[in-house]
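S.K.: Input structure: coords.txt, which contains compact mmCIF, C-alpha atoms.
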# COMPACT_ATOMS: atom_id res chain seq x y z
CA THR J 1054 72.02 -8.60 -98.92
CA ILE J 1055 70.33 -10.31 -96.04
CA SER J 1056 68.31 -13.34 -97.00
CA LEU J 1057 65.71 -14.83 -94.68
CA SER J 1058 63.83 -17.80 -96.01
CA GLY J 1059 60.09 -18.03 -95.53
CA SER J 1060 57.16 -15.76 -96.08
CA GLN J 1061 56.63 -12.22 -94.88
CA HIS J 1062 53.74 -12.27 -92.40
CA CYS J 1063 52.81 -10.80 -89.02
CA ALA J 1064 49.78 -9.94 -86.87
CA ASP J 1065 48.49 -6.51 -85.87
CA SER J 1066 47.03 -5.45 -82.52
CA ASP J 1067 43.53 -6.43 -83.73
CA GLY J 1068 44.62 -10.00 -84.50
CA ARG J 1069 44.52 -9.65 -88.29
CA VAL J 1070 47.24 -11.53 -90.13
CA TRP J 1071 49.10 -9.33 -92.59
CA TYR J 1072 51.20 -10.81 -95.37
CA LEU J 1073 53.21 -9.80 -98.36
CA ALA J 1074 51.93 -11.85 -101.30
CA PRO J 1075 54.27 -13.28 -103.96
CA ASP J 1076 53.25 -10.43 -106.29
CA HIS J 1077 54.41 -7.96 -103.56
CA ALA J 1078 50.82 -6.95 -102.78
CA LEU J 1079 49.88 -6.28 -99.16
CA ARG J 1080 47.01 -8.42 -97.86
CA THR J 1081 45.26 -9.26 -94.58
CA TRP J 1082 43.32 -12.24 -93.32
CA ASP J 1083 40.84 -11.68 -90.50
CA GLY J 1084 40.01 -15.33 -89.84
CA GLN J 1085 37.25 -15.41 -92.43
CA GLN J 1086 38.38 -13.62 -95.55
CA THR J 1087 41.40 -12.24 -97.33
CA ASN J 1088 41.50 -8.54 -98.12
CA SER J 1089 43.83 -6.62 -100.40
CA ILE J 1090 45.21 -3.51 -98.73
CA PRO J 1091 45.36 -0.57 -101.11
CA THR J 1092 48.69 1.15 -100.82
CA SER J 1093 48.56 4.89 -100.93
CA PRO J 1094 49.58 6.83 -104.03
CA LEU J 1095 52.72 7.55 -102.00
CA LEU J 1096 53.87 3.97 -102.67
CA ASP J 1097 53.10 3.97 -106.41
CA GLY J 1098 56.13 2.77 -108.33
CA GLN J 1099 57.71 1.19 -105.25
CA THR J 1100 58.14 -2.53 -104.64
CA LEU J 1101 57.12 -3.75 -101.19
CA THR J 1102 60.00 -5.89 -99.88
CA VAL J 1103 59.53 -6.39 -96.13
CA LEU J 1104 56.66 -6.59 -93.66
CA THR J 1105 56.74 -6.84 -89.85
CA ALA J 1106 54.85 -5.84 -86.70
CA ASP J 1107 56.39 -4.27 -83.62
CA LEU J 1108 55.60 -5.23 -80.02
CA LYS J 1109 52.48 -3.01 -80.03
CA GLY J 1110 51.14 -4.62 -83.22
CA ASN J 1111 51.95 -1.63 -85.43
CA ILE J 1112 52.60 -2.69 -89.02
CA TRP J 1113 55.87 -1.67 -90.70
CA VAL J 1114 56.51 -1.91 -94.44
CA GLY J 1115 59.81 -1.63 -96.26
CA THR J 1116 60.07 -0.89 -99.95
CA ASP J 1117 62.85 -0.53 -102.47
CA GLN J 1118 62.72 3.21 -101.70
CA GLY J 1119 61.75 3.71 -98.05
CA LEU J 1120 60.38 2.75 -94.65
CA PHE J 1121 56.67 3.15 -93.84
CA GLU J 1122 54.24 2.54 -90.97
CA TRP J 1123 50.59 1.58 -91.59
CA GLN J 1124 48.26 4.10 -89.93
CA THR J 1125 44.51 3.35 -90.13
CA ASN J 1126 44.12 3.52 -93.92
CA HIS J 1127 47.46 4.49 -95.43
CA CYS J 1128 51.22 4.01 -95.20
CA GLU J 1129 52.96 6.93 -93.49
CA PRO J 1130 56.59 7.66 -94.51
CA MET J 1131 59.01 6.83 -91.69
CA THR J 1132 62.34 6.88 -93.54
CA PRO J 1133 64.84 8.59 -91.22
CA THR J 1134 65.49 12.18 -92.22
CA ASN J 1135 69.13 12.31 -91.03
CA GLY J 1136 70.45 10.12 -93.86
CA GLU J 1137 69.97 9.42 -97.52
CA PRO J 1138 66.49 10.32 -98.84
CA SER J 1139 65.87 6.90 -100.42
CA ILE J 1140 66.62 3.54 -98.79
CA ASN J 1141 66.21 0.04 -100.23
CA VAL J 1142 64.86 -1.82 -97.17
CA ARG J 1143 65.94 -5.46 -96.90
CA SER J 1144 64.89 -6.18 -93.29
CA ILE J 1145 63.08 -4.52 -90.38
CA VAL J 1146 63.55 -5.80 -86.83
CA PRO J 1147 61.60 -4.30 -83.89
CA SER J 1148 63.85 -3.96 -80.84
CA GLY J 1149 62.61 -2.36 -77.65
CA ALA J 1150 59.98 0.33 -77.34
CA GLY J 1151 59.70 2.34 -80.55
CA ILE J 1152 63.05 1.10 -81.88
CA LEU J 1153 63.73 -0.63 -85.20
CA TRP J 1154 66.86 -2.11 -86.71
CA VAL J 1155 66.70 -1.57 -90.48
CA GLU J 1156 69.01 -3.17 -93.03
CA SER J 1157 69.09 -0.95 -96.10
CA ASN J 1158 71.60 0.27 -98.64
CA GLY J 1159 74.11 -2.32 -97.38
CA ARG J 1160 73.98 -0.99 -93.80
CA MET J 1161 72.40 -2.17 -90.53
CA ARG J 1162 71.16 0.83 -88.54
CA ARG J 1163 68.95 1.46 -85.53
CA CYS J 1164 66.24 4.10 -85.82
CA SER J 1165 63.37 5.69 -83.93
CA ALA J 1166 61.12 8.67 -84.62
CA ARG J 1167 62.53 9.07 -88.16
CA GLN J 1168 66.13 9.38 -86.94
CA TRP J 1169 69.11 7.03 -87.36
CA LEU J 1170 70.49 6.45 -83.86
CA ALA J 1171 73.30 3.93 -84.35
CA GLU J 1172 75.00 1.83 -87.00
CA SER J 1173 76.71 -1.54 -86.69
CA GLU J 1174 79.94 -1.37 -88.67
CA GLY J 1175 80.70 -4.97 -87.59
CA TRP J 1176 77.41 -6.18 -89.07
CA ASN J 1177 78.02 -4.23 -92.25
CA ARG J 1178 81.49 -5.78 -92.55
CA GLU J 1179 80.90 -9.39 -91.42
CA MET J 1180 77.30 -10.18 -92.43
CA LYS J 1181 77.23 -9.09 -96.10
CA GLY J 1182 75.82 -11.80 -98.34
CA VAL J 1183 75.09 -14.14 -95.44
CA SER J 1184 71.89 -16.17 -95.39
CA LEU J 1185 70.43 -15.79 -91.90
CA ARG J 1186 68.64 -18.48 -89.93
CA PHE J 1187 66.90 -15.96 -87.67
CA LEU J 1188 66.95 -12.27 -86.83
CA HIS J 1189 65.38 -10.96 -83.58
CA GLY J 1190 65.44 -7.77 -81.59
CA ASP J 1191 65.62 -7.71 -77.80
CA THR J 1192 63.99 -5.42 -75.23
CA GLU J 1193 67.24 -3.50 -74.66
CA GLY J 1194 67.43 -2.25 -78.25
CA GLY J 1195 69.84 -4.94 -79.42
CA LEU J 1196 69.76 -7.42 -82.28
CA TRP J 1197 70.43 -11.21 -82.34
CA SER J 1198 71.08 -13.50 -85.31
CA GLY J 1199 72.46 -16.83 -86.39
CA ALA J 1200 73.98 -17.67 -89.77
CA GLY J 1201 76.21 -20.44 -91.09
CA ASP J 1202 78.90 -21.38 -88.60
CA LEU J 1203 79.29 -17.83 -87.24
CA GLY J 1204 77.93 -18.67 -83.79
CA LEU J 1205 75.39 -16.40 -82.14
CA VAL J 1206 75.62 -12.81 -83.41
CA HIS J 1207 74.70 -10.01 -81.01
CA VAL J 1208 74.57 -6.31 -81.86
CA LEU J 1209 74.25 -3.98 -78.87
CA GLU J 1210 72.03 -0.89 -78.82
CA ASP J 1211 75.00 1.31 -79.78
CA GLY J 1212 75.87 -0.89 -82.79
CA THR J 1213 78.72 -2.82 -81.15
CA PHE J 1214 79.01 -6.20 -82.89
CA HIS J 1215 79.79 -9.46 -81.04
CA ARG J 1216 79.99 -13.08 -82.12
CA LEU J 1217 79.49 -15.66 -79.40
CA THR J 1218 81.12 -18.96 -80.40
CA THR J 1219 82.42 -22.20 -78.92
CA ARG J 1220 85.27 -20.12 -77.46
CA ALA J 1221 82.65 -18.38 -75.29
CA GLY J 1222 81.09 -21.70 -74.25
CA LEU J 1223 78.54 -22.42 -76.95
CA PRO J 1224 78.35 -26.16 -77.68
CA SER J 1225 78.41 -25.43 -81.43
CA ASP J 1226 79.07 -22.51 -83.77
CA THR J 1227 75.93 -23.47 -85.71
CA VAL J 1228 72.96 -21.78 -84.02
CA HIS J 1229 69.54 -22.47 -85.48
CA PHE J 1230 67.35 -20.34 -83.22
CA ALA J 1231 67.39 -18.00 -80.23
CA PHE J 1232 64.56 -16.21 -78.48
CA GLN J 1233 64.31 -13.82 -75.53
CA ASP J 1234 62.19 -15.11 -72.64
CA ARG J 1235 59.86 -13.10 -70.39
CA ASP J 1236 62.69 -12.40 -67.96
CA GLY J 1237 64.89 -10.85 -70.65
CA ASN J 1238 67.29 -13.82 -70.87
Before we go any further, please render this structure as structure tokens.
M.R.:
Amino acid sequence: TISLSGSQHCADSDGRVWYLAPDHALRTWDGQQTNSIPTSPLLDGQTLTVLTADLKGNIWVGTDQGLFEWQTNHCEPMTPTNGEPSINVRSIVPSGAGILWVESNGRMRRCSARQWLAESEGWNREMKGVSLRFLHGDTEGGLWSGAGDLGLVHVLEDGTFHRLTTRAGLPSDTVHFAFQDRDGN
């Protein structure tokens, strides 16, 4: 299980702040008031677990049973169709145009347009039960993370897993944060 401390919040393309409340309710704040977002009957009986926005400000929701995208007034199912029918979503990481990395059912996989495209066996093997400091996608479809004294973790678009450590020139194997700049570095 991936554990990221902190609250689940993001902003959409209209500037509204979306957040997952402690009672797992979906809410927005528009700068003046808080609004509860009614989840469609499709989500009845499901627990909302993860919330994020992609680079275009589209809102993505993970539940204990699937992956969904908010579209105007409802959550549209986006669980990939080339895998198990139900997924327990633990994290969603936008990475590149229309690409998401999704940790679910003990696996880290890359998806787009309701299809699984790649899986990181290295992540699945080495990152189980690790409490992450950060988790970011990059514009090339990859994934970056830091946890414990594992160095800087990089998963390539195809799922290839790398750990960059002091052996590769890092000053420490404890990495607290990384972020991609405008030039892609």
S.K.: Nearest to J:Ser1165 among J:Thr1092, J:Ser1184, J:Thr1134, J:Thr1213, with distances taken over only C-alpha atoms: which residue is it?
M.R.: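 Under the stated criterion, the closest residue is J:Thr1134.
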S.K.: Which value, in Å to one decimal, gives the distance between atom CA of J:Ile1152 and atom CA of J:Pro1075?
M.R.: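 So the two atoms, atom CA of J:Ile1152 and atom CA of J:Pro1075, lie 27.8 Å apart.
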S.K.: Name the residues in contact with stretch 1124-1128 of chain J at a cut-off of 9 Å, using all atoms listed in the file, excluding same-chain residues fewer than 4 positions from it; report them as a PyMOL selection string.
M.R.: chain J and resi 1090-1093+1095-1096+1111-1114
S.K.: Please determine, counting all atoms listed in the file, which residue among J:Gln1168, J:Gly1115, J:Leu1205, J:Asn1158 has the shortest atom-to-atom distance to J:Glu1129.
M.R.: J:Gly1115
S.K.: Which residue is closest to J:Gly1110? Choose from J:Gly1201, J:Gly1084, J:Gly1151, J:Gly1136 and count only C-alpha atoms.
M.R.: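 With only C-alpha atoms as the atom set, the closest residue is J:Gly1151.
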S.K.: Restricting the calculation to only C-alpha atoms: of J:Ala1231, J:Val1206, J:Cys1164, J:Met1131, which residue gets closest to J:Pro1147?
M.R.: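 Looking only at the distances to J:Pro1147, the closest residue turns out to be J:Cys1164.
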S.K.: One decimal, in Å: what's the spacing between atom CA of J:Arg1220 and atom CA of J:Leu1203?
M.R.: 11.7 Å
S.K.: So how many Å separate atom CA of J:Arg1216 and atom CA of J:Glu1156, to one decimal?
M.R.: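 These atoms are spaced 18.4 Å apart.
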S.K.: Taking the partial coordinates given, rebuild stretch 1080-1091 of chain J to contain all heavy atoms; return it as a PDB file, in the frame of the given file.
M.R.:
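This is the output file rebuild-v5.pdb:
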ATOM      1  N   ARG J1080      48.326  -7.833 -98.113  1.00  0.00           N
ATOM      2  CA  ARG J1080      47.010  -8.420 -97.860  1.00  0.00           C
ATOM      3  C   ARG J1080      46.843  -8.728 -96.379  1.00  0.00           C
ATOM      4  O   ARG J1080      47.824  -8.858 -95.649  1.00  0.00           O
ATOM      5  CB  ARG J1080      46.830  -9.693 -98.674  1.00  0.00           C
ATOM      6  CG  ARG J1080      46.849  -9.426-100.174  1.00  0.00           C
ATOM      7  CD  ARG J1080      46.273 -10.579-100.971  1.00  0.00           C
ATOM      8  NE  ARG J1080      46.136 -10.201-102.358  1.00  0.00           N
ATOM      9  CZ  ARG J1080      47.017 -10.522-103.302  1.00  0.00           C
ATOM     10  NH1 ARG J1080      48.073 -11.214-103.016  1.00  0.00           N
ATOM     11  NH2 ARG J1080      46.800 -10.129-104.546  1.00  0.00           N
ATOM     12  N   THR J1081      45.572  -8.849 -95.955  1.00  0.00           N
ATOM     13  CA  THR J1081      45.260  -9.260 -94.580  1.00  0.00           C
ATOM     14  C   THR J1081      44.293 -10.427 -94.622  1.00  0.00           C
ATOM     15  O   THR J1081      43.566 -10.618 -95.595  1.00  0.00           O
ATOM     16  CB  THR J1081      44.624  -8.131 -93.750  1.00  0.00           C
ATOM     17  OG1 THR J1081      43.365  -7.766 -94.336  1.00  0.00           O
ATOM     18  CG2 THR J1081      45.537  -6.926 -93.641  1.00  0.00           C
ATOM     19  N   TRP J1082      44.282 -11.167 -93.523  1.00  0.00           N
ATOM     20  CA  TRP J1082      43.320 -12.240 -93.320  1.00  0.00           C
ATOM     21  C   TRP J1082      42.776 -12.060 -91.914  1.00  0.00           C
ATOM     22  O   TRP J1082      43.534 -11.994 -90.939  1.00  0.00           O
ATOM     23  CB  TRP J1082      43.982 -13.599 -93.493  1.00  0.00           C
ATOM     24  CG  TRP J1082      43.025 -14.742 -93.351  1.00  0.00           C
ATOM     25  CD1 TRP J1082      42.017 -15.080 -94.193  1.00  0.00           C
ATOM     26  CD2 TRP J1082      42.988 -15.682 -92.287  1.00  0.00           C
ATOM     27  NE1 TRP J1082      41.356 -16.184 -93.726  1.00  0.00           N
ATOM     28  CE2 TRP J1082      41.932 -16.581 -92.549  1.00  0.00           C
ATOM     29  CE3 TRP J1082      43.741 -15.861 -91.134  1.00  0.00           C
ATOM     30  CZ2 TRP J1082      41.620 -17.629 -91.702  1.00  0.00           C
ATOM     31  CZ3 TRP J1082      43.434 -16.916 -90.295  1.00  0.00           C
ATOM     32  CH2 TRP J1082      42.373 -17.788 -90.592  1.00  0.00           C
ATOM     33  N   ASP J1083      41.461 -11.949 -91.796  1.00  0.00           N
ATOM     34  CA  ASP J1083      40.840 -11.680 -90.500  1.00  0.00           C
ATOM     35  C   ASP J1083      40.225 -12.913 -89.855  1.00  0.00           C
ATOM     36  O   ASP J1083      39.456 -12.817 -88.909  1.00  0.00           O
ATOM     37  CB  ASP J1083      39.784 -10.577 -90.633  1.00  0.00           C
ATOM     38  CG  ASP J1083      38.624 -10.957 -91.539  1.00  0.00           C
ATOM     39  OD1 ASP J1083      38.515 -12.143 -91.945  1.00  0.00           O
ATOM     40  OD2 ASP J1083      37.822 -10.059 -91.853  1.00  0.00           O
ATOM     41  N   GLY J1084      40.560 -14.089 -90.363  1.00  0.00           N
ATOM     42  CA  GLY J1084      40.010 -15.330 -89.840  1.00  0.00           C
ATOM     43  C   GLY J1084      38.876 -15.856 -90.696  1.00  0.00           C
ATOM     44  O   GLY J1084      38.478 -17.007 -90.559  1.00  0.00           O
ATOM     45  N   GLN J1085      38.346 -14.994 -91.567  1.00  0.00           N
ATOM     46  CA  GLN J1085      37.250 -15.410 -92.430  1.00  0.00           C
ATOM     47  C   GLN J1085      37.509 -15.098 -93.900  1.00  0.00           C
ATOM     48  O   GLN J1085      37.106 -15.847 -94.769  1.00  0.00           O
ATOM     49  CB  GLN J1085      35.952 -14.756 -91.992  1.00  0.00           C
ATOM     50  CG  GLN J1085      35.529 -15.197 -90.612  1.00  0.00           C
ATOM     51  CD  GLN J1085      34.207 -14.573 -90.198  1.00  0.00           C
ATOM     52  OE1 GLN J1085      33.507 -13.961 -90.987  1.00  0.00           O
ATOM     53  NE2 GLN J1085      33.860 -14.752 -88.938  1.00  0.00           N
ATOM     54  N   GLN J1086      38.147 -13.976 -94.151  1.00  0.00           N
ATOM     55  CA  GLN J1086      38.380 -13.620 -95.550  1.00  0.00           C
ATOM     56  C   GLN J1086      39.698 -12.887 -95.723  1.00  0.00           C
ATOM     57  O   GLN J1086      40.220 -12.287 -94.791  1.00  0.00           O
ATOM     58  CB  GLN J1086      37.237 -12.771 -96.107  1.00  0.00           C
ATOM     59  CG  GLN J1086      37.110 -11.398 -95.493  1.00  0.00           C
ATOM     60  CD  GLN J1086      35.926 -10.630 -96.086  1.00  0.00           C
ATOM     61  OE1 GLN J1086      35.046 -11.193 -96.685  1.00  0.00           O
ATOM     62  NE2 GLN J1086      35.929  -9.322 -95.885  1.00  0.00           N
ATOM     63  N   THR J1087      40.182 -12.939 -96.952  1.00  0.00           N
ATOM     64  CA  THR J1087      41.400 -12.240 -97.330  1.00  0.00           C
ATOM     65  C   THR J1087      41.027 -10.912 -97.955  1.00  0.00           C
ATOM     66  O   THR J1087      40.088 -10.838 -98.750  1.00  0.00           O
ATOM     67  CB  THR J1087      42.201 -13.078 -98.347  1.00  0.00           C
ATOM     68  OG1 THR J1087      42.565 -14.315 -97.721  1.00  0.00           O
ATOM     69  CG2 THR J1087      43.453 -12.361 -98.798  1.00  0.00           C
ATOM     70  N   ASN J1088      41.742  -9.877 -97.578  1.00  0.00           N
ATOM     71  CA  ASN J1088      41.500  -8.540 -98.120  1.00  0.00           C
ATOM     72  C   ASN J1088      42.783  -7.974 -98.688  1.00  0.00           C
ATOM     73  O   ASN J1088      43.839  -8.082 -98.065  1.00  0.00           O
ATOM     74  CB  ASN J1088      40.990  -7.594 -97.020  1.00  0.00           C
ATOM     75  CG  ASN J1088      39.674  -8.058 -96.440  1.00  0.00           C
ATOM     76  OD1 ASN J1088      38.693  -8.153 -97.146  1.00  0.00           O
ATOM     77  ND2 ASN J1088      39.673  -8.381 -95.154  1.00  0.00           N
ATOM     78  N   SER J1089      42.695  -7.351 -99.841  1.00  0.00           N
ATOM     79  CA  SER J1089      43.830  -6.620-100.400  1.00  0.00           C
ATOM     80  C   SER J1089      43.863  -5.251 -99.747  1.00  0.00           C
ATOM     81  O   SER J1089      42.828  -4.605 -99.599  1.00  0.00           O
ATOM     82  CB  SER J1089      43.696  -6.462-101.909  1.00  0.00           C
ATOM     83  OG  SER J1089      43.829  -7.708-102.529  1.00  0.00           O
ATOM     84  N   ILE J1090      45.046  -4.819 -99.360  1.00  0.00           N
ATOM     85  CA  ILE J1090      45.210  -3.510 -98.730  1.00  0.00           C
ATOM     86  C   ILE J1090      45.702  -2.541 -99.801  1.00  0.00           C
ATOM     87  O   ILE J1090      46.788  -2.728-100.353  1.00  0.00           O
ATOM     88  CB  ILE J1090      46.233  -3.570 -97.569  1.00  0.00           C
ATOM     89  CG1 ILE J1090      45.780  -4.575 -96.514  1.00  0.00           C
ATOM     90  CG2 ILE J1090      46.452  -2.196 -96.978  1.00  0.00           C
ATOM     91  CD1 ILE J1090      44.470  -4.247 -95.846  1.00  0.00           C
ATOM     92  N   PRO J1091      44.901  -1.533-100.107  1.00  0.00           N
ATOM     93  CA  PRO J1091      45.360  -0.570-101.110  1.00  0.00           C
ATOM     94  C   PRO J1091      46.501   0.267-100.535  1.00  0.00           C
ATOM     95  O   PRO J1091      46.403   0.782 -99.424  1.00  0.00           O
ATOM     96  CB  PRO J1091      44.125   0.289-101.379  1.00  0.00           C
ATOM     97  CG  PRO J1091      43.253   0.125-100.178  1.00  0.00           C
ATOM     98  CD  PRO J1091      43.586  -1.214 -99.575  1.00  0.00           C
TER      99      PRO J1091
END
